[in-house]
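Okay, start-v1.txt is below, compact mmCIF, C-alpha atoms:
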# COMPACT_ATOMS: atom_id res chain seq x y z
CA MET A 1 -73.06 -47.98 -108.02
CA ARG A 2 -73.25 -51.64 -107.12
CA ILE A 3 -74.80 -52.11 -103.70
CA ARG A 4 -74.61 -55.20 -101.52
CA ALA A 5 -77.60 -55.18 -99.21
CA THR A 6 -78.67 -57.28 -96.26
CA VAL A 7 -82.00 -56.93 -94.50
CA ALA A 8 -82.62 -57.74 -90.85
CA ALA A 9 -85.65 -57.67 -88.56
CA VAL A 10 -85.78 -54.59 -86.34
CA SER A 11 -88.76 -53.50 -84.19
CA GLY A 12 -91.30 -55.41 -86.27
CA ALA A 13 -90.08 -53.87 -89.55
CA LEU A 14 -87.13 -54.57 -91.81
CA ALA A 15 -84.18 -52.17 -91.67
CA LEU A 16 -81.65 -51.86 -94.49
CA SER A 17 -77.90 -52.19 -94.09
CA ALA A 18 -76.02 -51.56 -97.36
CA LEU A 19 -72.37 -51.53 -98.38
CA ALA A 20 -71.31 -49.75 -101.57
CA VAL A 21 -68.36 -50.97 -103.64
CA PRO A 22 -66.31 -49.27 -106.40
CA ALA A 23 -68.15 -47.50 -109.19
CA ALA A 24 -66.18 -49.54 -111.73
CA GLN A 25 -68.65 -52.31 -110.92
CA ALA A 26 -71.66 -50.03 -111.45
CA ASP A 27 -74.98 -51.50 -112.50
CA ASP A 28 -76.30 -50.39 -115.87
CA PHE A 29 -79.94 -49.95 -114.85
CA ALA A 30 -81.89 -46.98 -113.60
CA ALA A 31 -82.44 -48.00 -109.98
CA SER A 32 -79.59 -48.92 -107.63
CA ARG A 33 -79.52 -51.97 -105.39
CA ALA A 34 -80.28 -49.68 -102.45
CA ASP A 35 -83.47 -48.54 -104.20
CA VAL A 36 -84.59 -52.12 -104.80
CA ALA A 37 -83.73 -53.01 -101.21
CA LYS A 38 -85.86 -50.11 -99.94
CA VAL A 39 -88.78 -51.42 -101.93
CA ARG A 40 -88.18 -54.90 -100.52
CA GLN A 41 -88.03 -53.39 -97.03
CA ALA A 42 -91.35 -51.63 -97.47
CA ALA A 43 -92.97 -54.71 -99.00
CA HIS A 44 -91.91 -56.85 -96.06
CA ALA A 45 -92.61 -54.27 -93.36
CA ALA A 46 -95.16 -55.30 -90.76
CA SER A 47 -95.07 -52.17 -88.64
CA ALA A 48 -98.13 -49.92 -88.61
CA ARG A 49 -95.68 -47.03 -88.65
CA ALA A 50 -94.45 -47.94 -92.15
CA ALA A 51 -94.94 -45.03 -94.52
CA GLY A 52 -96.73 -46.95 -97.25
CA LYS A 53 -95.61 -49.93 -99.26
CA PRO A 54 -95.49 -50.98 -102.91
CA TYR A 55 -98.47 -52.68 -104.49
CA ALA A 56 -98.36 -56.40 -105.28
CA LEU A 57 -96.84 -56.78 -108.73
CA ASN A 58 -98.65 -59.30 -110.93
CA VAL A 59 -95.73 -61.69 -111.50
CA SER A 60 -94.69 -65.17 -110.42
CA PHE A 61 -91.53 -67.26 -110.70
CA SER A 62 -90.95 -70.90 -111.55
CA ASP A 63 -88.42 -73.41 -112.94
CA PHE A 64 -85.65 -71.88 -110.82
CA LYS A 65 -82.30 -73.53 -111.54
CA ILE A 66 -79.05 -72.99 -109.63
CA ALA A 67 -75.91 -75.08 -109.12
CA LYS A 68 -76.16 -77.77 -106.46
CA THR A 69 -73.11 -76.34 -104.71
CA VAL A 70 -71.35 -72.97 -104.54
CA LYS A 71 -67.73 -73.20 -103.38
CA ALA A 72 -66.22 -70.04 -101.94
CA GLY A 73 -62.67 -69.43 -100.76
CA THR A 74 -61.40 -66.45 -98.80
CA THR A 75 -60.69 -63.83 -101.47
CA ASN A 76 -61.76 -64.68 -105.02
CA HIS A 77 -65.09 -63.50 -106.43
CA VAL A 78 -67.44 -66.41 -107.17
CA ALA A 79 -70.30 -66.07 -109.68
CA THR A 80 -73.02 -68.69 -110.08
CA THR A 81 -75.48 -68.59 -112.99
CA VAL A 82 -79.19 -68.83 -112.24
CA THR A 83 -82.11 -69.23 -114.63
CA TYR A 84 -85.84 -69.01 -113.98
CA THR A 85 -89.15 -68.40 -115.68
CA LEU A 86 -91.01 -65.14 -115.06
CA THR A 87 -94.75 -65.12 -115.66
CA HIS A 88 -96.47 -61.73 -115.60
CA GLY A 89 -99.75 -60.01 -116.24
CA ALA A 90 -100.37 -58.13 -119.47
CA ASP A 91 -100.20 -54.87 -117.48
CA VAL A 92 -96.54 -55.48 -116.47
CA ASP A 93 -93.95 -54.08 -118.89
CA ILE A 94 -90.86 -56.21 -118.33
CA ALA A 95 -89.09 -54.34 -121.16
CA ALA A 96 -89.25 -51.04 -119.25
CA ARG A 97 -85.83 -49.65 -118.26
CA ASP A 98 -86.89 -49.35 -114.64
CA PHE A 99 -88.24 -52.89 -114.38
CA VAL A 100 -85.82 -54.99 -112.34
CA THR A 101 -85.77 -58.69 -111.54
CA ASP A 102 -83.09 -60.82 -109.95
CA PRO A 103 -82.44 -64.12 -108.17
CA ILE A 104 -81.60 -64.26 -104.47
CA ILE A 105 -80.26 -66.88 -102.09
CA TYR A 106 -80.81 -66.47 -98.37
CA ARG A 107 -79.93 -68.10 -95.07
CA GLY A 108 -82.68 -68.37 -92.46
CA SER A 109 -86.12 -67.00 -93.30
CA TYR A 110 -86.84 -64.91 -96.38
CA THR A 111 -88.60 -62.08 -94.50
CA ALA A 112 -85.89 -61.88 -91.79
CA PRO A 113 -82.79 -63.52 -93.29
CA ASP A 114 -79.58 -64.20 -91.42
CA ASN A 115 -77.77 -63.48 -94.69
CA MET A 116 -78.76 -62.75 -98.27
CA LEU A 117 -76.83 -62.74 -101.55
CA TYR A 118 -77.75 -61.76 -105.10
CA GLY A 119 -76.11 -60.56 -108.31
CA ASN A 120 -74.07 -57.53 -109.30
CA LYS A 121 -76.59 -56.78 -112.04
CA PRO A 122 -80.24 -57.62 -112.59
CA ALA A 123 -81.22 -60.69 -114.53
CA LYS A 124 -81.76 -60.40 -118.28
CA CYS A 125 -85.10 -61.69 -119.50
CA THR A 126 -86.13 -62.88 -122.94
CA ALA A 127 -89.85 -63.00 -123.70
CA THR A 128 -91.13 -66.36 -124.88
CA ASN A 129 -94.71 -65.07 -125.32
CA ALA A 130 -96.81 -62.08 -124.25
CA THR A 131 -96.82 -63.02 -120.56
CA THR A 132 -93.82 -65.31 -120.04
CA ALA A 133 -90.07 -64.77 -120.13
CA THR A 134 -86.95 -66.79 -119.47
CA CYS A 135 -84.55 -64.93 -117.16
CA LYS A 136 -80.85 -65.41 -116.54
CA GLY A 137 -78.89 -63.82 -113.73
CA THR A 138 -76.10 -64.53 -111.28
CA ILE A 139 -75.43 -64.87 -107.59
CA ASP A 140 -72.16 -63.01 -106.90
CA VAL A 141 -70.16 -63.78 -103.79
CA TYR A 142 -67.24 -61.71 -102.46
CA PRO A 143 -65.75 -63.60 -99.48
CA GLY A 144 -63.01 -60.99 -99.14
CA ASP A 145 -65.70 -58.39 -98.37
CA HIS A 146 -66.86 -60.38 -95.34
CA GLU A 147 -70.11 -61.42 -96.99
CA LEU A 148 -69.88 -64.90 -95.45
CA ARG A 149 -69.39 -66.28 -91.96
CA ASN A 150 -68.37 -69.83 -91.13
CA THR A 151 -71.88 -70.45 -89.81
CA ASP A 152 -73.21 -69.66 -93.31
CA ALA A 153 -71.82 -72.93 -94.69
CA GLY A 154 -74.62 -75.32 -95.56
CA THR A 155 -78.03 -75.03 -97.20
CA TRP A 156 -79.24 -71.71 -98.63
CA ARG A 157 -82.76 -71.23 -99.98
CA ALA A 158 -83.53 -69.55 -103.29
CA ALA A 159 -85.93 -66.74 -104.15
CA ALA A 160 -86.58 -64.25 -106.92
CA GLU A 161 -87.96 -60.74 -106.95
CA ALA A 162 -89.24 -58.18 -109.43
CA THR A 163 -89.74 -54.43 -109.06
CA ALA A 164 -91.56 -52.09 -111.45
CA PHE A 165 -90.66 -48.49 -110.58
CA ASN A 166 -93.16 -47.18 -113.14
CA GLY A 167 -91.26 -43.93 -113.65
CA GLN A 168 -90.92 -43.26 -109.91
CA ASP A 169 -87.50 -41.90 -108.93
CA PRO A 170 -86.49 -43.19 -105.47
CA ALA A 171 -84.13 -40.21 -105.12
CA GLY A 172 -86.79 -37.67 -106.06
CA GLU A 173 -88.76 -35.51 -103.64
CA THR A 174 -92.07 -36.72 -105.09
CA PHE A 175 -91.26 -40.40 -104.89
CA ASP A 176 -94.43 -42.38 -104.12
CA ILE A 177 -93.67 -45.96 -103.15
CA THR A 178 -97.34 -46.91 -103.42
CA LYS A 179 -97.00 -46.47 -107.20
CA VAL A 180 -94.14 -48.98 -107.32
CA GLY A 181 -94.93 -52.66 -107.90
CA TYR A 182 -93.00 -55.38 -106.09
CA LYS A 183 -93.14 -59.15 -105.82
CA GLY A 184 -90.80 -61.47 -103.97
CA GLN A 185 -91.23 -65.23 -104.02
CA SER A 186 -89.27 -67.56 -101.75
CA GLY A 187 -88.83 -71.33 -101.58
CA LEU A 188 -87.91 -71.72 -105.24
CA GLY A 189 -84.98 -74.08 -104.66
CA SER A 190 -81.78 -74.46 -102.70
CA THR A 191 -78.02 -74.74 -102.98
CA LEU A 192 -75.13 -75.69 -100.70
CA MET A 193 -72.70 -72.90 -99.85
CA GLN A 194 -69.39 -74.62 -99.10
CA ARG A 195 -66.04 -73.57 -97.62
CA PHE A 196 -63.43 -74.22 -100.33
CA SER A 197 -61.02 -77.03 -99.42
CA LYS A 198 -57.35 -77.78 -100.11
CA LEU A 199 -55.41 -81.02 -99.73
CA THR A 200 -51.67 -81.71 -100.01
CA VAL A 201 -49.51 -84.84 -100.05
CA ASP A 202 -45.81 -85.66 -99.77
CA ALA A 203 -44.37 -89.18 -99.93
CA SER A 204 -40.75 -89.76 -98.87
CA PRO A 205 -37.99 -90.80 -99.12
CA GLU A 206 -37.54 -90.58 -102.88
CA PRO A 207 -36.12 -92.83 -104.21
CA VAL A 208 -36.75 -95.71 -101.81
CA LYS A 209 -35.71 -99.35 -101.72
CA LYS A 210 -38.38 -101.99 -102.26
CA GLY A 211 -39.71 -103.28 -98.92
CA LYS A 212 -38.67 -100.17 -97.02
CA PRO A 213 -41.20 -97.82 -95.34
CA ILE A 214 -42.58 -94.77 -97.08
CA THR A 215 -43.88 -91.92 -94.93
CA VAL A 216 -46.83 -90.05 -96.43
CA THR A 217 -47.78 -86.67 -94.99
CA GLY A 218 -50.26 -83.97 -95.99
CA LYS A 219 -52.82 -81.47 -94.78
CA LEU A 220 -56.53 -80.92 -95.27
CA SER A 221 -57.57 -77.29 -94.89
CA ARG A 222 -60.62 -75.21 -95.73
CA ALA A 223 -61.62 -71.57 -95.99
CA ASN A 224 -62.21 -69.77 -92.72
CA TRP A 225 -64.65 -67.03 -93.74
CA ASP A 226 -64.50 -65.41 -90.31
CA ARG A 227 -60.76 -64.79 -90.51
CA GLY A 228 -60.08 -64.76 -94.24
CA THR A 229 -57.55 -67.60 -93.92
CA TYR A 230 -57.31 -71.36 -94.51
CA ASN A 231 -57.27 -73.56 -91.42
CA GLY A 232 -56.92 -77.29 -90.86
CA TYR A 233 -60.08 -79.40 -91.02
CA VAL A 234 -59.76 -81.57 -87.93
CA GLU A 235 -60.78 -85.18 -87.22
CA GLN A 236 -61.79 -85.89 -90.81
CA PRO A 237 -61.38 -89.27 -92.58
CA VAL A 238 -59.12 -89.05 -95.63
CA ASN A 239 -58.22 -91.92 -97.96
CA LEU A 240 -54.63 -92.61 -98.98
CA GLN A 241 -54.62 -93.90 -102.55
CA PHE A 242 -51.95 -95.38 -104.85
CA ARG A 243 -51.68 -95.47 -108.65
CA LYS A 244 -48.95 -97.63 -110.11
CA ASN A 245 -46.79 -96.14 -112.82
CA GLY A 246 -48.44 -96.54 -116.24
CA SER A 247 -51.97 -96.86 -114.82
CA ASN A 248 -54.78 -94.31 -114.73
CA THR A 249 -56.58 -95.80 -111.74
CA TYR A 250 -56.10 -94.98 -108.06
CA THR A 251 -56.80 -97.64 -105.43
CA THR A 252 -57.45 -96.89 -101.78
CA VAL A 253 -54.69 -98.18 -99.51
CA LYS A 254 -56.01 -97.06 -96.12
CA THR A 255 -58.05 -94.39 -94.35
CA VAL A 256 -56.32 -91.82 -92.15
CA LYS A 257 -57.86 -89.15 -89.90
CA THR A 258 -56.62 -85.58 -89.75
CA ASN A 259 -55.23 -84.47 -86.40
CA ALA A 260 -56.07 -81.39 -84.32
CA THR A 261 -54.43 -79.11 -86.91
CA GLY A 262 -55.68 -80.87 -90.04
CA ASN A 263 -52.37 -82.67 -90.68
CA LEU A 264 -52.06 -86.24 -91.98
CA LYS A 265 -49.30 -88.78 -91.47
CA THR A 266 -49.05 -92.50 -92.17
CA THR A 267 -46.60 -95.13 -93.43
CA VAL A 268 -46.76 -97.78 -96.15
CA THR A 269 -44.31 -100.33 -97.52
CA ALA A 270 -42.59 -99.59 -100.83
CA ALA A 271 -43.62 -102.12 -103.47
CA GLN A 272 -43.46 -100.52 -106.93
CA ASP A 273 -43.09 -97.20 -108.73
CA GLY A 274 -46.21 -95.06 -108.58
CA TYR A 275 -48.12 -92.10 -107.24
CA PHE A 276 -49.57 -91.54 -103.79
CA ARG A 277 -52.36 -89.09 -103.08
CA PHE A 278 -54.85 -88.23 -100.35
CA THR A 279 -58.53 -87.87 -101.27
CA PHE A 280 -61.32 -86.33 -99.17
CA ALA A 281 -64.96 -87.24 -99.84
CA GLY A 282 -66.33 -83.91 -98.55
CA THR A 283 -69.09 -82.93 -96.14
CA THR A 284 -72.19 -80.75 -96.34
CA THR A 285 -70.13 -77.66 -95.50
CA THR A 286 -66.91 -78.57 -97.33
CA PRO A 287 -66.42 -79.91 -100.88
CA SER A 288 -64.51 -83.04 -101.85
CA VAL A 289 -60.90 -82.60 -102.93
CA ASN A 290 -58.00 -84.69 -104.27
CA ALA A 291 -54.35 -83.96 -103.68
CA THR A 292 -52.07 -83.99 -106.71
CA GLY A 293 -50.33 -87.36 -106.85
CA ASP A 294 -46.71 -87.52 -105.60
CA PHE A 295 -44.45 -89.96 -107.50
CA VAL A 296 -42.18 -92.39 -105.63
CA ASP A 297 -39.32 -94.18 -107.39
CA VAL A 298 -38.98 -97.68 -105.90
CA ARG A 299 -35.66 -99.41 -106.58

Go ahead and render the structure in this file as structure tokens.
Amino acid sequence: MRIRATVAAVSGALALSALAVPAAQADDFAASRADVAKVRQAAHAASARAAGKPYALNVSFSDFKIAKTVKAGTTNHVATTVTYTLTHGADVDIAARDFVTDPIIYRGSYTAPDNMLYGNKPAKCTATNATTATCKGTIDVYPGDHELRNTDAGTWRAAAEATAFNGQDPAGETFDITKVGYKGQSGLGSTLMQRFSKLTVDASPEPVKKGKPITVTGKLSRANWDRGTYNGYVEQPVNLQFRKNGSNTYTTVKTVKTNATGNLKTTVTAAQDGYFRFTFAGTTTTPSVNATGDFVDVR
């Protein structure tokens, strides 16, 4: 079963909080996400009361590549491809069925993250020589499952991990975590997690006489991850642009600021047939967006 796990600092050790989702999304590897998370927990644990921990697996990660931005709305699943290079010792069998590696992005510190996201399935690795492999995985985001909060918008750091269970069954009575190898490596890169944005425009009246005023209205909104809705993005500069009929180029007419509910309203003078649109340049937490042009017939 696919497990979404988040770790948090508790009493000097890391405690696991996991949420299972439908079996239709089951992973096709031997160990579950909960098993991997338990290994991570033990590896990070600082408490003297910890009942053993995995040994340091002889692997390292490099050339980590992830999209510059990840844009998440309120409901739709978002998947972002990640690639990285895995270098390992000759004693590490990355082809073993119970060897697992995957990319991670986290908010805050790696050992005590405020939030952490990774993929539905482990990365797939292709050996390039006896001790090096190129790995490809995903970061899967489910905003509708409350995996994100508004405060999560911004920079996330990247990490990767690998676990060699070496035939140890985490569900078995004889499970010995000290025989499991684990390596996590943080600070491999970063990405921006952004709240998906929407922008509308309406120019009226249509048609309009040349020289008469045209009123242009619209709204800039963005995903509210706390509530699962879209809400107005307030006090933001938005450009009103015009493209004359027959042209492919928009020209900025003026800059308008959204009001306390994210709404926009301004007036221009009718001069010629064409399309009006609003365009938003974006911020660190919110991506840029263009409204679909609205045609005005000037007579």

Mind running segment 132-219 of chain A against segment 91-113 of chain A at 6 Å and telling me each contacting residue's nearest atom pair with the distance in Å (one decimal), counting all atoms listed in the file, chain and number ascending, as JSON lines?
{"residue": "A:Trp156", "atom": "CA", "partner": "A:Arg107", "partner_atom": "CA", "distance": 5.1}
{"residue": "A:Arg157", "atom": "CA", "partner": "A:Tyr106", "partner_atom": "CA", "distance": 5.4}
{"residue": "A:Ala158", "atom": "CA", "partner": "A:Ile105", "partner_atom": "CA", "distance": 4.4}
{"residue": "A:Ala159", "atom": "CA", "partner": "A:Ile104", "partner_atom": "CA", "distance": 5.0}
{"residue": "A:Ala160", "atom": "CA", "partner": "A:Pro103", "partner_atom": "CA", "distance": 4.3}
{"residue": "A:Glu161", "atom": "CA", "partner": "A:Thr101", "partner_atom": "CA", "distance": 5.5}
{"residue": "A:Ala162", "atom": "CA", "partner": "A:Thr101", "partner_atom": "CA", "distance": 4.1}
{"residue": "A:Thr163", "atom": "CA", "partner": "A:Val100", "partner_atom": "CA", "distance": 5.1}
{"residue": "A:Ala164", "atom": "CA", "partner": "A:Phe99", "partner_atom": "CA", "distance": 4.5}
{"residue": "A:Phe165", "atom": "CA", "partner": "A:Asp98", "partner_atom": "CA", "distance": 5.6}

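The gap separating atom CA of Lys124 of chain A from atom CA of Gly144 of chain A is 26.8 Å, in Å to one decimal.
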
Q | segment 261-275 of chain A environment, 10 Å, all atoms listed in the file, sequence neighbours closer than 6 positions dropped, as a PyMOL selection string | A | chain A and resi 199-204+207-222+231-238+240-247+250+253-255+292-299

Q: Calculate how many Å separate atom CA of Thr80 of chain A from atom CA of Ser60 of chain A, rounding to one decimal.
A: 22.0 Å

Q.
Quick check, in Å to one decimal: how far apart do atom CA of His77 of chain A and atom CA of Leu192 of chain A lie?
A.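 Here the two named atoms are 16.8 Å from each other.
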
Limit the output to N, CA, C and O atoms and give segment 163-182 of chain A as a short mmCIF file (atom, residue, chain, number, x, y, z; two decimals), in the first residue's frame.
data_model
loop_
_atom_site.label_atom_id
_atom_site.label_comp_id
_atom_site.auth_asym_id
_atom_site.auth_seq_id
_atom_site.Cartn_x
_atom_site.Cartn_y
_atom_site.Cartn_z
N THR A 163 17.86 2.55 0.86
CA THR A 163 17.74 1.56 1.92
C THR A 163 17.97 0.17 1.35
O THR A 163 17.35 -0.21 0.36
N ALA A 164 18.85 -0.58 1.97
CA ALA A 164 19.09 -1.98 1.60
C ALA A 164 18.57 -2.84 2.76
O ALA A 164 19.18 -2.85 3.84
N PHE A 165 17.45 -3.52 2.55
CA PHE A 165 16.86 -4.33 3.62
C PHE A 165 17.61 -5.66 3.82
O PHE A 165 17.50 -6.29 4.86
N ASN A 166 18.37 -6.06 2.80
CA ASN A 166 19.22 -7.25 2.93
C ASN A 166 18.47 -8.48 3.44
O ASN A 166 18.98 -9.24 4.27
N GLY A 167 17.26 -8.68 2.94
CA GLY A 167 16.48 -9.84 3.32
C GLY A 167 15.74 -9.71 4.63
O GLY A 167 14.98 -10.62 5.01
N GLN A 168 15.90 -8.59 5.34
CA GLN A 168 15.20 -8.37 6.60
C GLN A 168 13.75 -7.96 6.33
O GLN A 168 13.49 -7.06 5.52
N ASP A 169 12.82 -8.62 7.00
CA ASP A 169 11.40 -8.32 6.85
C ASP A 169 10.95 -7.43 8.01
O ASP A 169 10.89 -7.89 9.16
N PRO A 170 10.63 -6.14 7.73
CA PRO A 170 10.23 -5.24 8.81
C PRO A 170 9.01 -5.71 9.58
O PRO A 170 8.79 -5.31 10.73
N ALA A 171 8.19 -6.57 8.96
CA ALA A 171 6.99 -7.06 9.63
C ALA A 171 7.25 -8.36 10.39
O ALA A 171 6.38 -8.84 11.12
N GLY A 172 8.44 -8.91 10.24
CA GLY A 172 8.76 -10.18 10.88
C GLY A 172 9.20 -10.03 12.33
O GLY A 172 9.71 -8.98 12.74
N GLU A 173 9.02 -11.10 13.09
CA GLU A 173 9.37 -11.08 14.51
C GLU A 173 10.88 -11.01 14.73
O GLU A 173 11.34 -10.55 15.77
N THR A 174 11.64 -11.46 13.75
CA THR A 174 13.10 -11.48 13.90
C THR A 174 13.79 -10.30 13.21
O THR A 174 15.00 -10.31 13.02
N PHE A 175 13.01 -9.32 12.85
CA PHE A 175 13.57 -8.17 12.15
C PHE A 175 14.68 -7.52 12.97
O PHE A 175 14.51 -7.20 14.14
N ASP A 176 15.84 -7.35 12.34
CA ASP A 176 17.00 -6.74 12.98
C ASP A 176 17.42 -5.52 12.18
O ASP A 176 18.04 -5.63 11.12
N ILE A 177 17.08 -4.35 12.68
CA ILE A 177 17.33 -3.12 11.93
C ILE A 177 18.81 -2.84 11.77
O ILE A 177 19.24 -2.14 10.84
N THR A 178 19.64 -3.42 12.64
CA THR A 178 21.09 -3.18 12.53
C THR A 178 21.68 -3.88 11.30
O THR A 178 22.82 -3.59 10.91
N LYS A 179 20.91 -4.78 10.70
CA LYS A 179 21.36 -5.46 9.48
C LYS A 179 20.85 -4.78 8.22
O LYS A 179 21.08 -5.25 7.10
N VAL A 180 20.13 -3.68 8.40
CA VAL A 180 19.60 -2.89 7.29
C VAL A 180 20.53 -1.70 7.04
O VAL A 180 20.95 -1.03 7.99
N GLY A 181 20.85 -1.45 5.78
CA GLY A 181 21.69 -0.30 5.44
C GLY A 181 20.85 0.88 5.00
O GLY A 181 19.84 0.72 4.30
N TYR A 182 21.25 2.07 5.44
CA TYR A 182 20.48 3.28 5.07
C TYR A 182 21.43 4.45 4.87
O TYR A 182 22.41 4.61 5.59
#
